[in-house]
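Let me begin by presenting the structure, written as structure tokens, before commenting on it.
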Amino acid sequence: MATTTIDPVNVRGGLRRRLSRVLYQHPRLRLALLLGGPIVWLLVAYVGSLVALLVTSLYHYQTDPTGLVPRLVTSPSTTNYQRVLDAGVYRTVAFRTIGAALSVTVIDLLIALPVAFYMAKIARPWARRALVVAVTMPLWAGYLVKGYAWRAMLDPAGGVLHEVFGHSPGFGLSGTVVTLSYLWLPYMIIPIYAGLERLPNSLLEASTDLGAKAGRTFARIVLPQLRPSIVAGSIFTFALTLGDFYMAQIVGGTTQFIGNIVYREFSANLPFAAAYATLPIVVMIVYLALARSSGALEEL
Amino acid sequence: MSTKSALRPRYLKLHAALVFAFLFAPIVVLVVFSFNKAKSGTSWSGFSTRWYSSLAHNHDALQAFRNTLKVAFIATLFATVIGTLAAFALTRFRFRGRSAYSTLIFISLVMPEIVMGISLTAFFRRFAHVDLSIRTVIAAHITFCIAFVVVVVKARLTAFDNRLVEAAADLGATPFQAFLRVVLPLAAPGIFAGAMLAFTISLDDVVITSFTAGPGSTTLPLYIFGQLRFGVSPSINALSTIVLLSSLVLLAIGGYFSVRAARRGAGAIDATALG
């Protein structure tokens with residue numbers, strides 16, 4: 001009896017050793033264990049929900065001639081897509097949203113380029129890190145909080161902009177574009193800063209030594225090298241604007257974006273909201289395909 | 001130095017100063033008016049902390065704050081574990097479907113938020129047949145946080161020196177021990193940074209939450225937005241200032257720990273190199 005006494009520590013160690021040996025000898029099993037959770041979650045929650053979106057968008061509500069309650073028809077039809085294409089208002093809203101996304105991207109790019117250049121190439125090394133922290137700091141102040149602050153600034157009746165500059169764009173499309181440009185600016189500055197930091201100073205000096213003026217150096221040396229960073233930043237500013245609807249509600253007055261309509265319809269008419277929400281998916285796929293064909297996505 | 005003169009640093013400096021003013025102005029306005037005596041959110045009438053003390057008795061706001069913390073903690077925990085595993089698999093193994101898997105994570109990172117919000121709703125309501133509640137909010141938050149954790153942890157692991165694992169094996173460590181004692185501590189700053197990012201994104205999310213929230217699952221951002229309908233009120237400014245301050249404190253703590261962990265990680269590498 002005494003000889004069969006088992007040292008619990010050794011058994012635990014032995015089990016662990018055996019387990020790790022099995023895992024070591026079977027890399028595929030290790031991989032399956034490692035990837036099982038994430039894959040199941042991503043497949044169910046992400047791919048599954050996208051499929052759910054597409055399937056739901058093919059349902060539609062039919063007004064029952066006898067009753068008041070609309071009936072959900074689950075046989076697939078393109079009714080919702082037809083409605084999106086036929087009614088001019090949905091087209092207008094779509095173009096407005098895409099236009100706003102492009103404007104925000106261009107505005108942020110124009111603001112970010114010189115700032116990022118200053119941060120990466122002109123500021124003293126100790127100041128660089130502080131400036132990076134300063135750029136990301138506003139990201140930690142709540143999204144709604146900043147939108148709310150912009151409401152106080154844009155208010156045409158006594159807002160800060162009106163008091164200080166005597167003019168405010170007020171609540172509307174331009175106010176929304178300004179607010180969204182503000183919100184997503186760090187997402188453009190950071191990748192461009194990272195790209196510029198990787199760009200060797202010697203390249204700029206060589207260009208200047210060969211007689212290129214600042215503008216030419218920028219256009220011929222800096223911009224081509226920065227393309228992947230610019231594309232990365234623009235994906236964020238574009239996608240974030242495309243999917244936003246709270247700012248249109250807070251500072252947009254009566255301005256409506258795709259998201260406003262999707263949100264308004266989603267509790268009453270989920271199939272129609274789903275159909276309209278496929279539009280930003282298509283736009284994003286086109287945008288990513290364009291970015292990819294420019295060869296700028298390799299670095300991400 | 002010639003590049004500096006050619007690119008006119010003085011104008012660039014002025015531009016940078018203006019941009020930083022632009023970035024911080026709305027936040028300054030917000031904080032200042034949270035101490036305004038009058039109810040007005042736009043004209044100053046004296047210093048007061050009464051909007052802060054009124055928050056302490058606001059049950060709805062406190063409940064919303066509790067909900068937000070609960071969602072953020074649970075979502076961060078799950079997203080960090082799942083995201084870290086995925087990042088390990090993506091950087092340390094070659095397997096079929098690896099690039100498709102990377103693409104899936106990348107796409108979930110860049111898809112507009114309304115798309116994810118409405119797809120998750122469609123999934124919950126039409127196919128999983130679950131009622132919208134705080135559980136669906138948590139599930140949604142885990143889903144969008146995973147991608148952020150993967151990206152951050154992956155960035156840390158790609159710089160990882162595999163010889164350290166080999167050294168551990170040579171010194172007699174089992175793969176499991178090597179993982180626990182070498183890989184995990186070195187990846188810790190990345191995992192921590194990923195978790196911090198997930199936590200703050202979850203705290204702040206309103207778009208996806210508004211699609212997946214049911215009765216009784218009002219989070220702080222949803223509460224704040226609901227209050228905005230009743231017009232501008234300094235108590236929202238006060239609430240926002242508190243949220244801002246807590247994020248900054250969290251950021252500082254996170255920064256402190258990740259710097260310390262990075263130093264330790266670097267120390268471990270030095271020690272290994274010396275040994």
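All residue names refer to the structure tokens as shown: chains lettered A, B, ... in order, residues numbered from 1 in each chain, ligands numbered from 1 in order.
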B:Val243 environment, 10 Å, only C-alpha atoms, sequence neighbours closer than 2 positions dropped, as a ChimeraX atom specification: /A:140-142,145 /B:65,203-204,220,237-241,245-249
In stretch 133-296 of chain A, DSSP alpha helix (DSSP H) residues written as number ranges by chain: A: 133-140, 143-154, 160-165, 173-198, 201-209, 214-217, 223-242, 246-251, 258-265, 270-293
Who sits within 9 Å of A:Gly233, only C-alpha atoms, same chain under 4 positions skipped, as a PDB file with all heavy atoms, in the first residue's frame:
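The resulting out_20.pdb:
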ATOM      1  N   THR A 105     -12.419  63.043 -45.594  1.00  0.00           N
ATOM      2  CA  THR A 105     -11.116  62.432 -45.885  1.00  0.00           C
ATOM      3  C   THR A 105     -10.143  63.458 -46.454  1.00  0.00           C
ATOM      4  O   THR A 105      -8.989  63.550 -46.019  1.00  0.00           O
ATOM      5  CB  THR A 105     -11.306  61.252 -46.857  1.00  0.00           C
ATOM      6  OG1 THR A 105     -12.211  60.329 -46.270  1.00  0.00           O
ATOM      7  CG2 THR A 105      -9.992  60.561 -47.147  1.00  0.00           C
ATOM      8  N   LEU A 109      -6.853  64.952 -44.645  1.00  0.00           N
ATOM      9  CA  LEU A 109      -5.555  64.751 -45.295  1.00  0.00           C
ATOM     10  C   LEU A 109      -4.804  66.080 -45.393  1.00  0.00           C
ATOM     11  O   LEU A 109      -3.609  66.158 -45.075  1.00  0.00           O
ATOM     12  CB  LEU A 109      -5.765  64.145 -46.691  1.00  0.00           C
ATOM     13  CG  LEU A 109      -4.497  63.879 -47.497  1.00  0.00           C
ATOM     14  CD1 LEU A 109      -3.630  62.862 -46.771  1.00  0.00           C
ATOM     15  CD2 LEU A 109      -4.844  63.380 -48.884  1.00  0.00           C
ATOM     16  N   PRO A 186      -7.197  62.541 -35.770  1.00  0.00           N
ATOM     17  CA  PRO A 186      -6.067  61.750 -35.258  1.00  0.00           C
ATOM     18  C   PRO A 186      -5.827  60.465 -36.060  1.00  0.00           C
ATOM     19  O   PRO A 186      -4.690  60.047 -36.220  1.00  0.00           O
ATOM     20  CB  PRO A 186      -6.486  61.410 -33.820  1.00  0.00           C
ATOM     21  CG  PRO A 186      -7.424  62.502 -33.451  1.00  0.00           C
ATOM     22  CD  PRO A 186      -8.175  62.839 -34.694  1.00  0.00           C
ATOM     23  N   TYR A 187      -6.910  59.857 -36.587  1.00  0.00           N
ATOM     24  CA  TYR A 187      -6.757  58.626 -37.354  1.00  0.00           C
ATOM     25  C   TYR A 187      -6.006  58.865 -38.657  1.00  0.00           C
ATOM     26  O   TYR A 187      -5.484  57.932 -39.270  1.00  0.00           O
ATOM     27  CB  TYR A 187      -8.123  58.009 -37.686  1.00  0.00           C
ATOM     28  CG  TYR A 187      -8.862  57.512 -36.472  1.00  0.00           C
ATOM     29  CD1 TYR A 187      -9.837  58.294 -35.862  1.00  0.00           C
ATOM     30  CD2 TYR A 187      -8.578  56.271 -35.932  1.00  0.00           C
ATOM     31  CE1 TYR A 187     -10.511  57.841 -34.747  1.00  0.00           C
ATOM     32  CE2 TYR A 187      -9.246  55.810 -34.824  1.00  0.00           C
ATOM     33  CZ  TYR A 187     -10.212  56.609 -34.235  1.00  0.00           C
ATOM     34  OH  TYR A 187     -10.873  56.148 -33.130  1.00  0.00           O
ATOM     35  N   MET A 188      -5.976  60.119 -39.131  1.00  0.00           N
ATOM     36  CA  MET A 188      -5.211  60.448 -40.330  1.00  0.00           C
ATOM     37  C   MET A 188      -3.794  60.864 -39.950  1.00  0.00           C
ATOM     38  O   MET A 188      -2.831  60.499 -40.628  1.00  0.00           O
ATOM     39  CB  MET A 188      -5.926  61.578 -41.089  1.00  0.00           C
ATOM     40  CG  MET A 188      -5.321  61.918 -42.424  1.00  0.00           C
ATOM     41  SD  MET A 188      -5.434  60.559 -43.602  1.00  0.00           S
ATOM     42  CE  MET A 188      -6.855  61.053 -44.563  1.00  0.00           C
ATOM     43  N   ILE A 189      -3.645  61.633 -38.862  1.00  0.00           N
ATOM     44  CA  ILE A 189      -2.313  62.130 -38.487  1.00  0.00           C
ATOM     45  C   ILE A 189      -1.385  60.971 -38.115  1.00  0.00           C
ATOM     46  O   ILE A 189      -0.235  60.928 -38.556  1.00  0.00           O
ATOM     47  CB  ILE A 189      -2.410  63.132 -37.307  1.00  0.00           C
ATOM     48  CG1 ILE A 189      -3.184  64.389 -37.732  1.00  0.00           C
ATOM     49  CG2 ILE A 189      -1.008  63.529 -36.826  1.00  0.00           C
ATOM     50  CD1 ILE A 189      -3.313  65.441 -36.653  1.00  0.00           C
ATOM     51  N   ILE A 190      -1.875  60.027 -37.318  1.00  0.00           N
ATOM     52  CA  ILE A 190      -0.994  58.985 -36.770  1.00  0.00           C
ATOM     53  C   ILE A 190      -0.342  58.116 -37.860  1.00  0.00           C
ATOM     54  O   ILE A 190       0.886  57.972 -37.872  1.00  0.00           O
ATOM     55  CB  ILE A 190      -1.744  58.130 -35.712  1.00  0.00           C
ATOM     56  CG1 ILE A 190      -2.057  58.998 -34.482  1.00  0.00           C
ATOM     57  CG2 ILE A 190      -0.941  56.917 -35.296  1.00  0.00           C
ATOM     58  CD1 ILE A 190      -0.834  59.583 -33.787  1.00  0.00           C
ATOM     59  N   PRO A 191      -1.121  57.543 -38.818  1.00  0.00           N
ATOM     60  CA  PRO A 191      -0.435  56.741 -39.846  1.00  0.00           C
ATOM     61  C   PRO A 191       0.543  57.571 -40.687  1.00  0.00           C
ATOM     62  O   PRO A 191       1.607  57.081 -41.039  1.00  0.00           O
ATOM     63  CB  PRO A 191      -1.560  56.183 -40.711  1.00  0.00           C
ATOM     64  CG  PRO A 191      -2.824  56.635 -40.141  1.00  0.00           C
ATOM     65  CD  PRO A 191      -2.584  57.469 -38.949  1.00  0.00           C
ATOM     66  N   ILE A 192       0.173  58.827 -41.003  1.00  0.00           N
ATOM     67  CA  ILE A 192       1.071  59.651 -41.826  1.00  0.00           C
ATOM     68  C   ILE A 192       2.339  59.975 -41.039  1.00  0.00           C
ATOM     69  O   ILE A 192       3.450  59.942 -41.578  1.00  0.00           O
ATOM     70  CB  ILE A 192       0.356  60.940 -42.291  1.00  0.00           C
ATOM     71  CG1 ILE A 192      -0.779  60.566 -43.247  1.00  0.00           C
ATOM     72  CG2 ILE A 192       1.335  61.884 -42.980  1.00  0.00           C
ATOM     73  CD1 ILE A 192      -1.523  61.730 -43.815  1.00  0.00           C
ATOM     74  N   PRO A 228       1.102  54.437 -48.831  1.00  0.00           N
ATOM     75  CA  PRO A 228       0.436  53.441 -47.975  1.00  0.00           C
ATOM     76  C   PRO A 228      -0.145  54.049 -46.692  1.00  0.00           C
ATOM     77  O   PRO A 228      -1.251  53.696 -46.279  1.00  0.00           O
ATOM     78  CB  PRO A 228       1.556  52.457 -47.636  1.00  0.00           C
ATOM     79  CG  PRO A 228       2.585  52.654 -48.678  1.00  0.00           C
ATOM     80  CD  PRO A 228       2.500  54.082 -49.098  1.00  0.00           C
ATOM     81  N   SER A 229       0.600  54.996 -46.086  1.00  0.00           N
ATOM     82  CA  SER A 229       0.100  55.621 -44.857  1.00  0.00           C
ATOM     83  C   SER A 229      -1.150  56.443 -45.125  1.00  0.00           C
ATOM     84  O   SER A 229      -2.095  56.437 -44.341  1.00  0.00           O
ATOM     85  CB  SER A 229       1.164  56.531 -44.256  1.00  0.00           C
ATOM     86  OG  SER A 229       2.397  55.894 -44.240  1.00  0.00           O
ATOM     87  N   THR A 237     -10.853  57.400 -41.988  1.00  0.00           N
ATOM     88  CA  THR A 237     -11.718  58.590 -42.038  1.00  0.00           C
ATOM     89  C   THR A 237     -12.942  58.331 -42.910  1.00  0.00           C
ATOM     90  O   THR A 237     -14.053  58.746 -42.579  1.00  0.00           O
ATOM     91  CB  THR A 237     -10.958  59.812 -42.581  1.00  0.00           C
ATOM     92  OG1 THR A 237     -10.388  59.477 -43.838  1.00  0.00           O
ATOM     93  CG2 THR A 237      -9.859  60.244 -41.635  1.00  0.00           C
ATOM     94  N   PHE A 238     -12.735  57.611 -44.030  1.00  0.00           N
ATOM     95  CA  PHE A 238     -13.847  57.345 -44.943  1.00  0.00           C
ATOM     96  C   PHE A 238     -14.869  56.404 -44.305  1.00  0.00           C
ATOM     97  O   PHE A 238     -16.066  56.708 -44.268  1.00  0.00           O
ATOM     98  CB  PHE A 238     -13.297  56.745 -46.245  1.00  0.00           C
ATOM     99  CG  PHE A 238     -14.326  56.598 -47.327  1.00  0.00           C
ATOM    100  CD1 PHE A 238     -14.671  57.672 -48.135  1.00  0.00           C
ATOM    101  CD2 PHE A 238     -14.968  55.386 -47.530  1.00  0.00           C
ATOM    102  CE1 PHE A 238     -15.631  57.536 -49.118  1.00  0.00           C
ATOM    103  CE2 PHE A 238     -15.932  55.243 -48.516  1.00  0.00           C
ATOM    104  CZ  PHE A 238     -16.259  56.325 -49.311  1.00  0.00           C
TER     105      PHE A 238
END
Top pick for closest residue to chain A, considering B:Phe257, B:Phe123, B:Tyr52, B:Tyr11 and counting only C-alpha atoms: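 So, comparing all the options, the nearest one is B:Phe123.
Coordinates place atom CA of B:Glu113 at a distance of 19.8 Å from atom CA of A:Val178.
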Interatomic distance, atom CA of B:Thr209 to atom CA of A:Val40 (Å, one decimal):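 Atom-to-atom, atom CA of B:Thr209 to atom CA of A:Val40, that is 22.2 Å.
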